[in-house]
Every structure is written in C-alpha cells, then in structure tokens.
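Chemist: Below is upload.txt; it holds compact mmCIF, C-alpha atoms.
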```txt
# COMPACT_ATOMS: atom_id res chain seq x y z
CA MET A 283 -46.99 5.95 -15.71
CA PRO A 284 -45.79 9.55 -16.00
CA VAL A 285 -42.01 9.80 -16.19
CA ILE A 286 -40.98 13.03 -14.53
CA ALA A 287 -37.49 14.40 -15.11
CA VAL A 288 -36.27 16.90 -12.53
CA ALA A 289 -33.53 18.90 -14.23
CA ASN A 290 -31.35 21.93 -13.84
CA PRO A 291 -27.71 21.77 -14.92
CA LYS A 292 -26.94 24.04 -11.97
CA GLY A 293 -26.16 22.12 -8.81
CA GLY A 294 -27.95 23.06 -5.60
CA ALA A 295 -31.11 24.33 -7.28
CA GLY A 296 -33.32 22.04 -5.19
CA LYS A 297 -33.71 19.08 -7.55
CA SER A 298 -33.28 16.33 -4.95
CA THR A 299 -35.42 18.13 -2.39
CA SER A 300 -38.23 18.74 -4.88
CA THR A 301 -38.03 15.16 -6.14
CA LEU A 302 -38.07 13.56 -2.71
CA LEU A 303 -40.88 15.78 -1.43
CA LEU A 304 -43.17 15.09 -4.38
CA ALA A 305 -42.34 11.38 -4.66
CA THR A 306 -42.76 10.60 -0.95
CA HIS A 307 -45.98 12.61 -0.87
CA LEU A 308 -47.47 10.70 -3.81
CA SER A 309 -46.31 7.41 -2.32
CA GLN A 310 -47.92 8.31 0.98
CA ARG A 311 -51.20 8.93 -0.92
CA GLY A 312 -51.04 5.32 -2.15
CA ALA A 313 -49.46 5.66 -5.59
CA SER A 314 -46.62 3.32 -6.56
CA THR A 315 -43.65 5.63 -6.97
CA CYS A 316 -40.00 5.26 -7.86
CA ILE A 317 -37.06 7.64 -7.99
CA ILE A 318 -34.15 6.94 -10.33
CA ASP A 319 -31.31 8.69 -8.53
CA ALA A 320 -29.01 10.06 -11.23
CA ASP A 321 -27.40 12.58 -8.89
CA PRO A 322 -23.73 11.67 -8.37
CA ASN A 323 -24.11 12.80 -4.75
CA GLN A 324 -26.70 9.99 -4.35
CA THR A 325 -28.56 12.07 -1.79
CA ILE A 326 -31.83 10.22 -2.24
CA THR A 327 -30.16 6.81 -2.31
CA ASP A 328 -28.50 7.68 1.00
CA TRP A 329 -31.89 8.77 2.37
CA LYS A 330 -33.38 5.42 1.42
CA ILE A 331 -30.56 3.06 2.32
CA ASN A 332 -29.35 4.65 5.53
CA GLY A 333 -32.69 5.85 6.88
CA GLN A 334 -35.52 4.29 8.81
CA SER A 335 -38.37 5.55 6.67
CA LYS A 336 -41.26 3.16 6.17
CA SER A 337 -42.16 4.82 2.87
CA LYS A 338 -42.91 2.37 0.06
CA LEU A 339 -41.07 4.62 -2.34
CA SER A 340 -38.42 2.69 -4.28
CA VAL A 341 -35.09 4.19 -5.25
CA ILE A 342 -32.85 3.03 -8.08
CA ALA A 343 -29.28 4.26 -7.89
CA GLY A 344 -26.49 4.94 -10.31
CA PRO A 345 -27.87 5.05 -13.86
CA THR A 346 -25.44 5.78 -16.68
CA GLU A 347 -25.96 7.47 -20.03
CA ASN A 348 -26.39 4.03 -21.57
CA SER A 349 -28.65 2.53 -18.94
CA ILE A 350 -30.99 5.43 -18.14
CA LEU A 351 -33.55 4.75 -20.86
CA ASP A 352 -33.76 1.01 -20.10
CA LEU A 353 -34.17 1.83 -16.41
CA ILE A 354 -36.98 4.27 -17.13
CA ASP A 355 -38.71 1.66 -19.29
CA ASP A 356 -38.44 -0.99 -16.55
CA GLN A 357 -39.66 1.24 -13.76
CA ALA A 358 -42.57 2.68 -15.77
CA LYS A 359 -43.99 -0.85 -16.05
CA GLN A 360 -43.94 -1.19 -12.26
CA ASN A 361 -44.76 2.27 -10.95
CA ALA A 362 -47.49 4.83 -11.43
CA PHE A 363 -44.93 7.63 -11.11
CA VAL A 364 -41.26 7.49 -12.10
CA PHE A 365 -39.15 10.45 -11.04
CA VAL A 366 -35.63 10.94 -12.36
CA ASP A 367 -33.49 13.11 -10.08
CA LEU A 368 -30.90 14.35 -12.53
CA GLU A 369 -27.34 15.48 -12.01
CA GLY A 370 -26.41 19.12 -11.98
CA THR A 371 -24.52 19.04 -15.26
CA ALA A 372 -25.44 19.41 -18.94
CA SER A 373 -24.78 15.76 -19.73
CA LEU A 374 -26.27 13.30 -22.19
CA LEU A 375 -27.76 11.39 -19.25
CA VAL A 376 -29.76 14.53 -18.48
CA SER A 377 -30.76 15.25 -22.08
CA ARG A 378 -31.79 11.65 -22.75
CA ALA A 379 -33.95 11.60 -19.61
CA ILE A 380 -35.53 14.90 -20.67
CA ALA A 381 -36.28 13.54 -24.14
CA TYR A 382 -37.91 10.48 -22.58
CA ALA A 383 -39.93 12.34 -19.97
CA ASP A 384 -43.66 12.97 -19.90
CA PHE A 385 -43.04 16.04 -17.78
CA VAL A 386 -39.96 18.06 -16.86
CA ILE A 387 -39.68 20.00 -13.61
CA ILE A 388 -36.95 22.64 -13.56
CA PRO A 389 -36.27 23.83 -9.99
CA ILE A 390 -34.59 27.21 -9.74
CA GLN A 391 -33.67 29.58 -6.98
CA ALA A 392 -34.00 33.30 -7.53
CA SER A 393 -30.46 33.75 -8.78
CA ALA A 394 -29.08 34.73 -12.17
CA VAL A 395 -26.83 31.65 -12.32
CA ASP A 396 -29.70 29.27 -11.65
CA VAL A 397 -31.80 30.93 -14.31
CA ARG A 398 -29.07 30.85 -16.96
CA GLN A 399 -28.41 27.17 -16.34
CA ALA A 400 -32.12 26.44 -16.23
CA GLN A 401 -32.41 27.98 -19.68
CA LYS A 402 -30.17 25.17 -20.96
CA ALA A 403 -32.64 22.61 -19.65
CA ILE A 404 -35.54 24.53 -21.19
CA ASN A 405 -33.73 24.71 -24.53
CA ALA A 406 -33.10 20.97 -24.38
CA VAL A 407 -36.79 20.32 -23.68
CA ARG A 408 -37.86 22.47 -26.61
CA SER A 409 -35.30 20.99 -28.98
CA GLU A 410 -36.21 17.40 -28.10
CA GLU A 411 -39.88 18.31 -28.40
CA LYS A 412 -39.34 19.64 -31.94
CA LEU A 413 -37.47 16.49 -32.86
CA ALA A 414 -40.27 14.28 -31.57
CA GLN A 415 -42.82 16.36 -33.50
CA ARG A 416 -41.28 15.22 -36.77
CA LEU A 417 -42.80 11.83 -36.00
CA VAL A 418 -45.78 12.82 -33.90
CA PRO A 419 -46.84 16.37 -34.82
CA ASP A 420 -48.70 17.09 -31.59
CA LYS A 421 -46.08 15.60 -29.29
CA LYS A 422 -45.30 17.83 -26.32
CA ILE A 423 -42.86 17.63 -23.43
CA PRO A 424 -44.70 19.66 -20.81
CA HIS A 425 -42.38 21.49 -18.44
CA ARG A 426 -42.60 23.95 -15.57
CA VAL A 427 -40.08 26.00 -13.68
CA LEU A 428 -40.43 25.51 -9.93
CA LEU A 429 -39.18 28.28 -7.69
CA THR A 430 -37.40 26.89 -4.65
CA ARG A 431 -36.11 28.33 -1.39
CA THR A 432 -38.62 31.15 -1.61
CA PRO A 433 -39.59 33.13 1.49
CA ALA A 434 -42.37 31.59 3.56
CA PRO A 435 -45.84 33.03 2.87
CA GLY A 436 -46.17 36.36 4.57
CA ALA A 437 -42.43 37.08 4.58
CA PRO A 438 -41.06 39.88 2.37
CA VAL A 439 -40.29 38.83 -1.19
CA PRO A 440 -36.80 39.87 -2.32
CA LYS A 441 -36.51 42.13 -5.35
CA THR A 442 -34.49 39.50 -7.20
CA GLN A 443 -37.35 37.03 -6.90
CA LYS A 444 -39.94 39.54 -8.06
CA ARG A 445 -37.76 40.44 -11.00
CA LEU A 446 -37.19 36.77 -11.80
CA GLU A 447 -40.90 36.01 -11.70
CA GLY A 448 -41.54 38.97 -13.98
CA GLU A 449 -38.93 37.91 -16.50
CA ILE A 450 -40.09 34.30 -16.52
CA GLY A 451 -43.60 35.49 -17.26
CA ALA A 452 -42.43 37.97 -19.89
CA VAL A 453 -40.64 35.32 -21.97
CA GLY A 454 -43.50 32.87 -21.63
CA ILE A 455 -41.71 30.18 -19.64
CA PRO A 456 -44.37 28.15 -17.86
CA ARG A 457 -43.97 27.89 -14.11
CA PHE A 458 -45.76 26.36 -11.18
CA ALA A 459 -48.04 28.73 -9.31
CA SER A 460 -46.84 27.00 -6.14
CA SER A 461 -43.27 27.29 -4.98
CA LEU A 462 -41.22 25.48 -2.38
CA ALA A 463 -40.35 27.77 0.48
CA GLU A 464 -37.09 27.66 2.41
CA ARG A 465 -38.16 25.39 5.29
CA GLN A 466 -36.38 23.74 8.13
CA ALA A 467 -38.67 20.75 7.70
CA PHE A 468 -37.31 20.05 4.21
CA LYS A 469 -33.79 20.00 5.59
CA ALA A 470 -34.91 17.80 8.48
CA MET A 471 -36.30 15.30 5.99
CA PHE A 472 -32.75 14.65 4.77
CA LEU A 473 -31.13 15.00 8.15
CA GLU A 474 -33.45 12.48 9.82
CA ARG A 475 -33.88 10.42 6.62
CA LEU A 476 -37.66 10.35 7.07
CA THR A 477 -40.58 11.60 5.03
CA LEU A 478 -42.23 14.86 6.05
CA GLU A 479 -45.21 12.88 7.33
CA GLU A 480 -42.91 10.75 9.51
CA LEU A 481 -41.18 13.69 11.16
CA ASP A 482 -42.48 14.87 14.47
CA ALA A 483 -42.82 18.49 15.45
CA GLY A 484 -39.70 18.32 17.60
CA GLN A 485 -37.57 17.48 14.59
CA ALA A 486 -38.77 20.27 12.33
CA GLY A 487 -40.14 23.73 12.85
CA ASN A 488 -43.58 24.52 11.42
CA LEU A 489 -44.08 21.05 10.05
CA GLU A 490 -47.74 21.69 9.34
CA ALA A 491 -46.93 24.58 7.00
CA ALA A 492 -44.38 22.41 5.20
CA LEU A 493 -46.94 19.65 4.69
CA ILE A 494 -49.45 22.16 3.33
CA ASN A 495 -46.79 23.59 1.00
CA VAL A 496 -46.05 20.16 -0.49
CA ARG A 497 -49.72 19.23 -0.73
CA GLN A 498 -50.49 22.39 -2.69
CA LEU A 499 -47.61 21.76 -5.08
CA ALA A 500 -48.55 18.11 -5.52
CA ASP A 501 -52.21 18.92 -6.21
CA GLU A 502 -51.21 21.49 -8.83
CA PHE A 503 -48.80 18.98 -10.35
CA LEU A 504 -51.44 16.22 -10.52
CA GLU A 505 -53.84 18.57 -12.31
CA LEU A 506 -51.15 19.32 -14.88
CA LEU A 507 -50.36 15.63 -15.33
CA LYS A 508 -54.00 14.82 -16.03
CA SER A 509 -53.80 16.81 -19.24
CA VAL A 510 -50.58 15.12 -20.38
CA LYS A 511 -51.24 12.70 -23.25
CA MET B 195 -91.18 7.10 19.68
CA THR B 196 -89.54 8.35 16.50
CA GLY B 197 -89.93 11.77 14.99
CA GLY B 198 -90.63 13.62 18.21
CA SER B 199 -94.09 15.01 19.05
CA PHE B 200 -94.45 16.57 15.55
CA GLY B 201 -93.45 13.45 13.66
CA PHE B 202 -90.43 14.90 11.98
CA GLN B 203 -88.04 12.26 10.87
CA PRO B 204 -84.36 12.81 11.29
CA ILE B 205 -82.64 13.78 8.04
CA GLU B 206 -80.37 10.98 6.96
CA ALA B 207 -76.90 12.05 6.03
CA GLU B 208 -76.73 12.10 2.26
CA LYS B 209 -74.63 9.27 0.98
CA GLU B 210 -71.93 10.29 -1.40
CA GLU B 211 -72.95 8.36 -4.44
CA ASN B 212 -69.72 9.08 -6.24
CA SER B 213 -66.91 9.20 -3.72
CA VAL B 214 -64.06 11.38 -4.90
CA VAL B 215 -61.01 9.41 -6.02
CA ASP B 216 -57.65 10.80 -5.00
CA PRO B 217 -56.08 12.18 -8.22
CA ALA B 218 -52.81 10.51 -7.22
CA LEU B 219 -54.50 7.14 -7.72
CA LEU B 220 -55.67 7.89 -11.27
CA PHE B 221 -52.28 6.97 -12.67
CA VAL B 222 -51.16 3.37 -13.17
CA PRO B 223 -47.98 1.61 -14.17
CA LYS B 224 -47.75 1.03 -17.89
CA PRO B 225 -45.05 0.66 -20.52
CA VAL B 226 -43.56 3.81 -21.98
CA ASP B 227 -45.10 4.65 -25.34
CA ARG B 228 -43.33 7.29 -27.34
CA PRO B 229 -42.06 7.77 -30.89
CA HIS B 230 -38.92 5.85 -31.69
CA ILE B 231 -36.06 8.26 -32.26
CA PRO B 232 -32.48 7.01 -32.64
CA LEU B 233 -30.23 7.95 -29.76
CA ALA B 234 -27.80 9.59 -32.14
CA GLN B 235 -30.49 12.06 -33.21
CA LEU B 236 -31.54 12.76 -29.62
CA ASP B 237 -27.91 13.40 -28.69
CA ALA B 238 -27.27 15.62 -31.70
CA VAL B 239 -30.22 17.81 -30.73
CA ALA B 240 -29.02 17.90 -27.13
CA ALA B 241 -25.55 18.92 -28.29
CA SER B 242 -27.04 21.99 -29.95
CA ALA B 243 -28.46 22.91 -26.53
CA GLY B 244 -25.06 22.53 -24.88
CA PHE B 245 -25.29 18.96 -23.58
CA SER B 246 -22.45 16.53 -23.98
CA SER B 247 -21.28 13.18 -22.71
CA ARG B 248 -19.68 13.39 -19.28
CA GLU B 249 -18.75 9.77 -19.01
CA PRO B 250 -15.27 8.45 -19.60
CA VAL B 251 -14.76 7.28 -23.14
CA ALA B 252 -14.98 3.52 -23.05
CA THR B 253 -11.81 1.82 -24.14
CA GLN B 254 -12.22 -0.23 -27.25
CA THR B 255 -13.81 -3.43 -26.07
CA ARG B 256 -11.73 -6.34 -27.17
CA ARG B 257 -14.26 -8.91 -28.07
CA ARG B 258 -13.23 -12.49 -27.61
CA ARG B 259 -11.73 -14.01 -30.69
CA ARG B 260 -14.44 -16.05 -32.31
CA THR B 261 -13.48 -19.67 -32.41
CA VAL B 262 -14.94 -21.45 -35.39
CA PRO B 263 -17.03 -24.28 -33.98
CA LYS B 264 -16.79 -27.69 -35.55
CA LEU B 265 -20.58 -27.89 -35.78
CA PRO B 266 -22.39 -26.68 -38.92
CA GLN B 267 -23.35 -22.98 -38.88
CA ARG B 268 -26.14 -20.86 -40.31
CA THR B 269 -26.61 -17.13 -40.41
CA LEU B 270 -29.66 -15.66 -38.66
CA PRO B 271 -30.73 -12.40 -40.27
CA ILE B 272 -32.62 -10.32 -37.72
CA ARG B 273 -33.96 -6.78 -38.13
CA LEU B 274 -34.19 -4.81 -34.89
CA VAL B 275 -35.32 -1.29 -34.10
CA GLU B 276 -32.30 0.92 -33.53
CA ASP B 277 -32.66 1.07 -29.75
CA GLU B 278 -32.87 -2.72 -29.39
CA TYR B 279 -29.92 -3.11 -31.77
CA GLN B 280 -27.82 -0.75 -29.64
CA ARG B 281 -29.07 -2.44 -26.49
CA PHE B 282 -27.95 -5.86 -27.74
CA LEU B 283 -24.52 -4.54 -28.69
CA ARG B 284 -24.07 -2.89 -25.28
CA PHE B 285 -25.13 -6.10 -23.60
CA ALA B 286 -22.65 -8.18 -25.60
CA ASP B 287 -19.94 -5.66 -24.73
CA GLN B 288 -20.76 -5.93 -21.05
CA LEU B 289 -20.56 -9.70 -21.20
CA GLY B 290 -17.38 -9.57 -23.25
CA MET B 291 -18.78 -12.16 -25.62
CA THR B 292 -19.24 -12.49 -29.35
CA TYR B 293 -22.75 -11.86 -30.62
CA SER B 294 -23.42 -15.57 -31.19
CA GLU B 295 -22.15 -16.39 -27.69
CA THR B 296 -24.43 -13.67 -26.31
CA VAL B 297 -27.45 -15.19 -28.04
CA SER B 298 -26.55 -18.61 -26.57
CA TRP B 299 -26.11 -17.08 -23.14
CA LEU B 300 -29.49 -15.34 -23.32
CA MET B 301 -31.23 -18.55 -24.37
CA ASP B 302 -29.57 -20.46 -21.54
CA GLU B 303 -30.65 -17.82 -19.04
CA ALA B 304 -34.22 -17.87 -20.32
CA ASN B 305 -34.23 -21.64 -20.09
CA ASN B 306 -32.97 -21.56 -16.51
CA LYS B 307 -35.62 -19.03 -15.51
CA THR B 308 -38.35 -21.12 -17.12
CA ARG B 309 -37.26 -24.17 -15.14
CA SER B 310 -36.87 -22.42 -11.78
```
Take the structure in the file and write it out as structure tokens.
Modeler:
Amino acid sequence: MPVIAVANPKGGAGKSTSTLLLATHLSQRGASTCIIDADPNQTITDWKINGQSKSKLSVIAGPTENSILDLIDDQAKQNAFVFVDLEGTASLLVSRAIAYADFVIIPIQASAVDVRQAQKAINAVRSEEKLAQRLVPDKKIPHRVLLTRTPAPGAPVPKTQKRLEGEIGAVGIPRFASSLAERQAFKAMFLERLTLEELDAGQAGNLEAALINVRQLADEFLELLKSVK
Amino acid sequence: MTGGSFGFQPIEAEKEENSVVDPALLFVPKPVDRPHIPLAQLDAVAASAGFSSREPVATQTRRRRRTVPKLPQRTLPIRLVEDEYQRFLRFADQLGMTYSETVSWLMDEANNKTRS
C-alpha cells in the first residue's frame, strides 16, 4: 500500500528516472506496482505506451490538482506500491500528493539550485506533517533525499558533492545511503523503452553495475518502508 | 552399498524451514488510511512553503437552470465528510448537472452496472 511521492520542484533532478527504476524493479520482484505520472512531460507514460516492455507495471497519466487524491485512493486499493512522479514545479498537485504520501523521495543532483528547490519540498513535507499531527500526534511523513547522477563507485567525487553531503548531514536532512550514479543504462531504459532487466548488454554499458545499483537502493528503501506505520 | 566402507551416511542438505520472503512481497494493496484534513487546510500549509495552484482558474461553471418538476419533491439532508462533499460538487460540475440530476445520474449508472 505505500504511496510514494517523488518530488523536487526543480526540473531535471532525476524524479522520473528514480521513479521508473524503483517501480519497475519492485514490479519485476513480483509486487503490484503503479506509477501516477504527474509530470507534464509524460516521460513515463511515453515509456509505457510507446515501448515494448513486458513489465506488469501500470501507469496512470495526467492527474490534475483535483483528481490526484482520488487517483491515489483508487490505485492504493489495487497496488502494493503506488508511486507518484511529480512535476518539477511548486504546485498544489505536488503539495497535495506530498501530504497524502506514506513516503517522500526527493531526488537531487549535487547543485545549489537543486538543493534550494529541494528545500521547498522538504519544507512542504514538514509543514504537512505538523498539520497532520494535530489530529494524529505521532503521524510522520518519512522522507529521504536521494542523490542522483553521482559518479560511479570508484570514480573521483566532486567537491560540490562532498560539500553537499556534508551540509545535508549538518542540517539533519535524512538521505538515502545509496545514490543513483550517472549511468548509460538508465538513459538506455528510456531510449529503448524497456526495463533495466529487459535491456541487453549491447544496449547499455555496464548493465550489471546498474542493476546492482538499483537493487541496493531498492533494498534500502524496502527496509525504510517496513518501519512506516 | 550405502555409507561407503566406514558406514558414513551422506549429510542431507538442511532444508530451509523458514524460506526467506522477498521484502518486496510483504506489502499488499489496501485502502489509504490517514487523518481527514480539509483540502483548504492542506493548501494553506503548502502556500506557506511556497506552493500554489498552477492550473488555469476554472471559469464559473454555469449549472443548468433547474426546472421544477411536476412531481412532488422532498429534501434529502445528507452530511458528508469534507472531501466527499467537494468530490460530489466537482463531479456535478464535470457533468454540468444540478445536484439532484447528478444523484439521479449516479443511481442510474449504479443500476446499469448491477444489471450488466
């Protein structure tokens, strides 16, 4: 049942990539999974409609501010996991989905603009959490920042990323221990409109490393979800 | 001859009595259960965090003029939670019908689904 909002008002932070990777991975492991595609670019809808993937993942396109909550309700009754890939703006559609989520993932790249915009999403999470606590004192909206487009393991880590990681830790913003590296395989997933598991080695460099990357992130995510009430 | 010349028996592979369930399969579909908070309050809190509506302002919906039916009428007082109230109003707006027409439409649809 967890409803997972993937939010960052900054466009291009890696929301759709993170959403599709996690959702297709969970679906491939046998869990019923749905993505509500609230991105005006409809990247994931395009992946589903125009691709040849045999993934059982379902995709619902085009929610509005008024329909998003009803859609989440409907899909939660049918799917073990409901992801909401949110638009890169600070809109009420985004804030309502955040307020309704069981978990919020905030993808960010190591850039000052991403971080500043991500702070808006974090503030929204905390504000909605406080509001909900008026009715249910121990209500939480768990959230984690997810670093995206990081260097592959073993590659040098840029100073901006190190500084970002330090500052995130210093202000107590929770983040995933795993990150999503900059990988050709993730791009190929959209280009070929297939899941990572469906790609063959000729379509994506170092596919095995990409699969391991996603598995590690998914396993960490599932552990976090287990403790969500 | 089993056990070789010394009579040792082969060690059977231990059966996993409790096979490990994939954590991804521990979650099941179920209805959302969270405290009811009016949308207006959610939006007001979001506004303080810099979120605002990005959708075009809907033009005032001209509801169809209610024609007074010749049949006798009664008023049906119904209390709804805020979200359902708003949901019904939005639905009536989408249909472009009066509230009583919307109720009739919904009952007709439910009747058709029951028969099919």
Chemist: Find the spatial neighbours of Gln360 of chain A, counting all atoms listed in the file, within a cut-off of 8 Å - ignore same-chain residues fewer than 6 positions away - and output them as number ranges by chain.
Modeler: A: 314; B: 223-224
Chemist: Okay, now the selection with C-alpha atoms, as an mmCIF file, in the coordinates of the input?
Modeler:
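Output (part.cif):
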```cif
data_model
loop_
_atom_site.group_PDB
_atom_site.id
_atom_site.type_symbol
_atom_site.label_atom_id
_atom_site.label_comp_id
_atom_site.auth_asym_id
_atom_site.auth_seq_id
_atom_site.Cartn_x
_atom_site.Cartn_y
_atom_site.Cartn_z
ATOM 1 C CA SER A 314 -46.620 3.320 -6.560
ATOM 2 C CA PRO B 223 -47.980 1.610 -14.170
ATOM 3 C CA LYS B 224 -47.750 1.030 -17.890
#
```
Chemist: If you take all atoms listed in the file and a cut-off of 10 Å, which residues of chain B touch chain A, and what are their nearest atom pairs and distances in Å to one decimal, in chain and number order, as CSV?
Modeler:
```
residue,atom,partner,partner_atom,distance
B:Asp216,CA,A:Arg311,CA,7.9
B:Pro217,CA,A:Leu504,CA,6.6
B:Ala218,CA,A:Ala313,CA,6.1
B:Leu219,CA,A:Ala313,CA,5.7
B:Leu220,CA,A:Lys508,CA,8.6
B:Phe221,CA,A:Ala362,CA,5.4
B:Val222,CA,A:Ala362,CA,4.3
B:Pro223,CA,A:Ala362,CA,4.3
B:Lys224,CA,A:Lys359,CA,4.6
B:Pro225,CA,A:Lys359,CA,4.8
B:Val226,CA,A:Asp355,CA,5.9
B:Asp227,CA,A:Asp355,CA,9.3
B:Arg228,CA,A:Tyr382,CA,7.9
B:Pro229,CA,A:Leu417,CA,6.6
B:His230,CA,A:Leu417,CA,8.3
B:Ile231,CA,A:Ala414,CA,7.4
B:Leu233,CA,A:Arg378,CA,8.1
B:Gln235,CA,A:Leu413,CA,8.3
B:Leu236,CA,A:Glu410,CA,6.8
B:Asp237,CA,A:Leu374,CA,6.7
B:Ala238,CA,A:Glu410,CA,9.8
B:Val239,CA,A:Ser409,CA,6.2
B:Ala240,CA,A:Ala406,CA,5.8
B:Ala241,CA,A:Leu374,CA,8.3
B:Ser242,CA,A:Ala406,CA,8.3
B:Ala243,CA,A:Ala406,CA,5.5
B:Gly244,CA,A:Ala372,CA,6.7
B:Phe245,CA,A:Ala372,CA,4.7
B:Ser246,CA,A:Ser373,CA,4.9
B:Ser247,CA,A:Leu374,CA,5.0
B:Arg248,CA,A:Ser373,CA,5.6
B:Glu249,CA,A:Glu347,CA,7.6
B:Asp277,CA,A:Leu351,CA,9.7
B:Gln280,CA,A:Asn348,CA,9.5
B:Arg281,CA,A:Asn348,CA,8.6
B:Arg284,CA,A:Asn348,CA,8.2
```
Chemist: Between A:Gln443, A:Ser337, A:Asn332, A:Thr327, which residue has the minimum interatomic distance to Thr306 of chain A, considering only C-alpha atoms?
Modeler: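 That would be A:Ser337, the residue with the smallest distance to Thr306 of chain A.
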Chemist: Between atom CA of Val386 of chain A and atom CA of Lys336 of chain A, what distance in Å does the model show, to one decimal?
Modeler: 27.5 Å
Chemist: Between atom CA of Cys316 of chain A and atom CA of Phe365 of chain A, what is the distance in Å, rounded to a tenth?
Modeler: 6.1 Å
Chemist: Rounded to one decimal place, report the atom CA of Ile342 of chain A-atom CA of Gly370 of chain A distance in Å.
Modeler: 17.8 Å
Chemist: Would you mind completing segment 236-250 of chain B so that it carries N, CA, C and O atoms, and writing it out as an mmCIF file, keeping the file's coordinate frame?
Modeler:
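Generated output (out-v1.cif):
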```cif
data_model
loop_
_atom_site.group_PDB
_atom_site.id
_atom_site.type_symbol
_atom_site.label_atom_id
_atom_site.label_comp_id
_atom_site.auth_asym_id
_atom_site.auth_seq_id
_atom_site.Cartn_x
_atom_site.Cartn_y
_atom_site.Cartn_z
ATOM 1 N N LEU B 236 -31.241 12.101 -30.899
ATOM 2 C CA LEU B 236 -31.540 12.760 -29.620
ATOM 3 C C LEU B 236 -30.298 13.500 -29.124
ATOM 4 O O LEU B 236 -30.370 14.644 -28.673
ATOM 5 N N ASP B 237 -29.148 12.822 -29.217
ATOM 6 C CA ASP B 237 -27.910 13.400 -28.690
ATOM 7 C C ASP B 237 -27.456 14.592 -29.530
ATOM 8 O O ASP B 237 -26.907 15.556 -28.992
ATOM 9 N N ALA B 238 -27.682 14.510 -30.829
ATOM 10 C CA ALA B 238 -27.270 15.620 -31.700
ATOM 11 C C ALA B 238 -28.070 16.877 -31.359
ATOM 12 O O ALA B 238 -27.531 17.994 -31.287
ATOM 13 N N VAL B 239 -29.364 16.685 -31.113
ATOM 14 C CA VAL B 239 -30.220 17.810 -30.730
ATOM 15 C C VAL B 239 -29.789 18.364 -29.374
ATOM 16 O O VAL B 239 -29.729 19.574 -29.162
ATOM 17 N N ALA B 240 -29.453 17.467 -28.461
ATOM 18 C CA ALA B 240 -29.020 17.900 -27.130
ATOM 19 C C ALA B 240 -27.706 18.670 -27.211
ATOM 20 O O ALA B 240 -27.485 19.632 -26.480
ATOM 21 N N ALA B 241 -26.842 18.243 -28.132
ATOM 22 C CA ALA B 241 -25.550 18.920 -28.290
ATOM 23 C C ALA B 241 -25.755 20.381 -28.690
ATOM 24 O O ALA B 241 -25.037 21.273 -28.247
ATOM 25 N N SER B 242 -26.778 20.606 -29.522
ATOM 26 C CA SER B 242 -27.040 21.990 -29.950
ATOM 27 C C SER B 242 -27.524 22.845 -28.790
ATOM 28 O O SER B 242 -27.446 24.066 -28.842
ATOM 29 N N ALA B 243 -28.014 22.182 -27.731
ATOM 30 C CA ALA B 243 -28.460 22.910 -26.530
ATOM 31 C C ALA B 243 -27.378 22.926 -25.458
ATOM 32 O O ALA B 243 -27.619 23.354 -24.341
ATOM 33 N N GLY B 244 -26.193 22.446 -25.810
ATOM 34 C CA GLY B 244 -25.060 22.530 -24.880
ATOM 35 C C GLY B 244 -24.841 21.306 -24.009
ATOM 36 O O GLY B 244 -24.101 21.359 -23.035
ATOM 37 N N PHE B 245 -25.464 20.184 -24.365
ATOM 38 C CA PHE B 245 -25.290 18.960 -23.580
ATOM 39 C C PHE B 245 -24.265 18.057 -24.257
ATOM 40 O O PHE B 245 -24.219 17.965 -25.482
ATOM 41 N N SER B 246 -23.465 17.413 -23.424
ATOM 42 C CA SER B 246 -22.450 16.530 -23.980
ATOM 43 C C SER B 246 -22.212 15.375 -23.021
ATOM 44 O O SER B 246 -22.614 15.425 -21.865
ATOM 45 N N SER B 247 -21.548 14.340 -23.551
ATOM 46 C CA SER B 247 -21.280 13.180 -22.710
ATOM 47 C C SER B 247 -20.287 13.565 -21.613
ATOM 48 O O SER B 247 -19.293 14.242 -21.850
ATOM 49 N N ARG B 248 -20.567 13.114 -20.408
ATOM 50 C CA ARG B 248 -19.680 13.390 -19.280
ATOM 51 C C ARG B 248 -19.064 12.092 -18.755
ATOM 52 O O ARG B 248 -18.458 12.081 -17.691
ATOM 53 N N GLU B 249 -19.280 11.032 -19.511
ATOM 54 C CA GLU B 249 -18.750 9.770 -19.010
ATOM 55 C C GLU B 249 -17.437 9.463 -19.694
ATOM 56 O O GLU B 249 -17.228 9.865 -20.845
ATOM 57 N N PRO B 250 -16.564 8.744 -18.994
ATOM 58 C CA PRO B 250 -15.270 8.450 -19.600
ATOM 59 C C PRO B 250 -15.476 7.683 -20.882
ATOM 60 O O PRO B 250 -16.365 6.844 -20.969
#
```
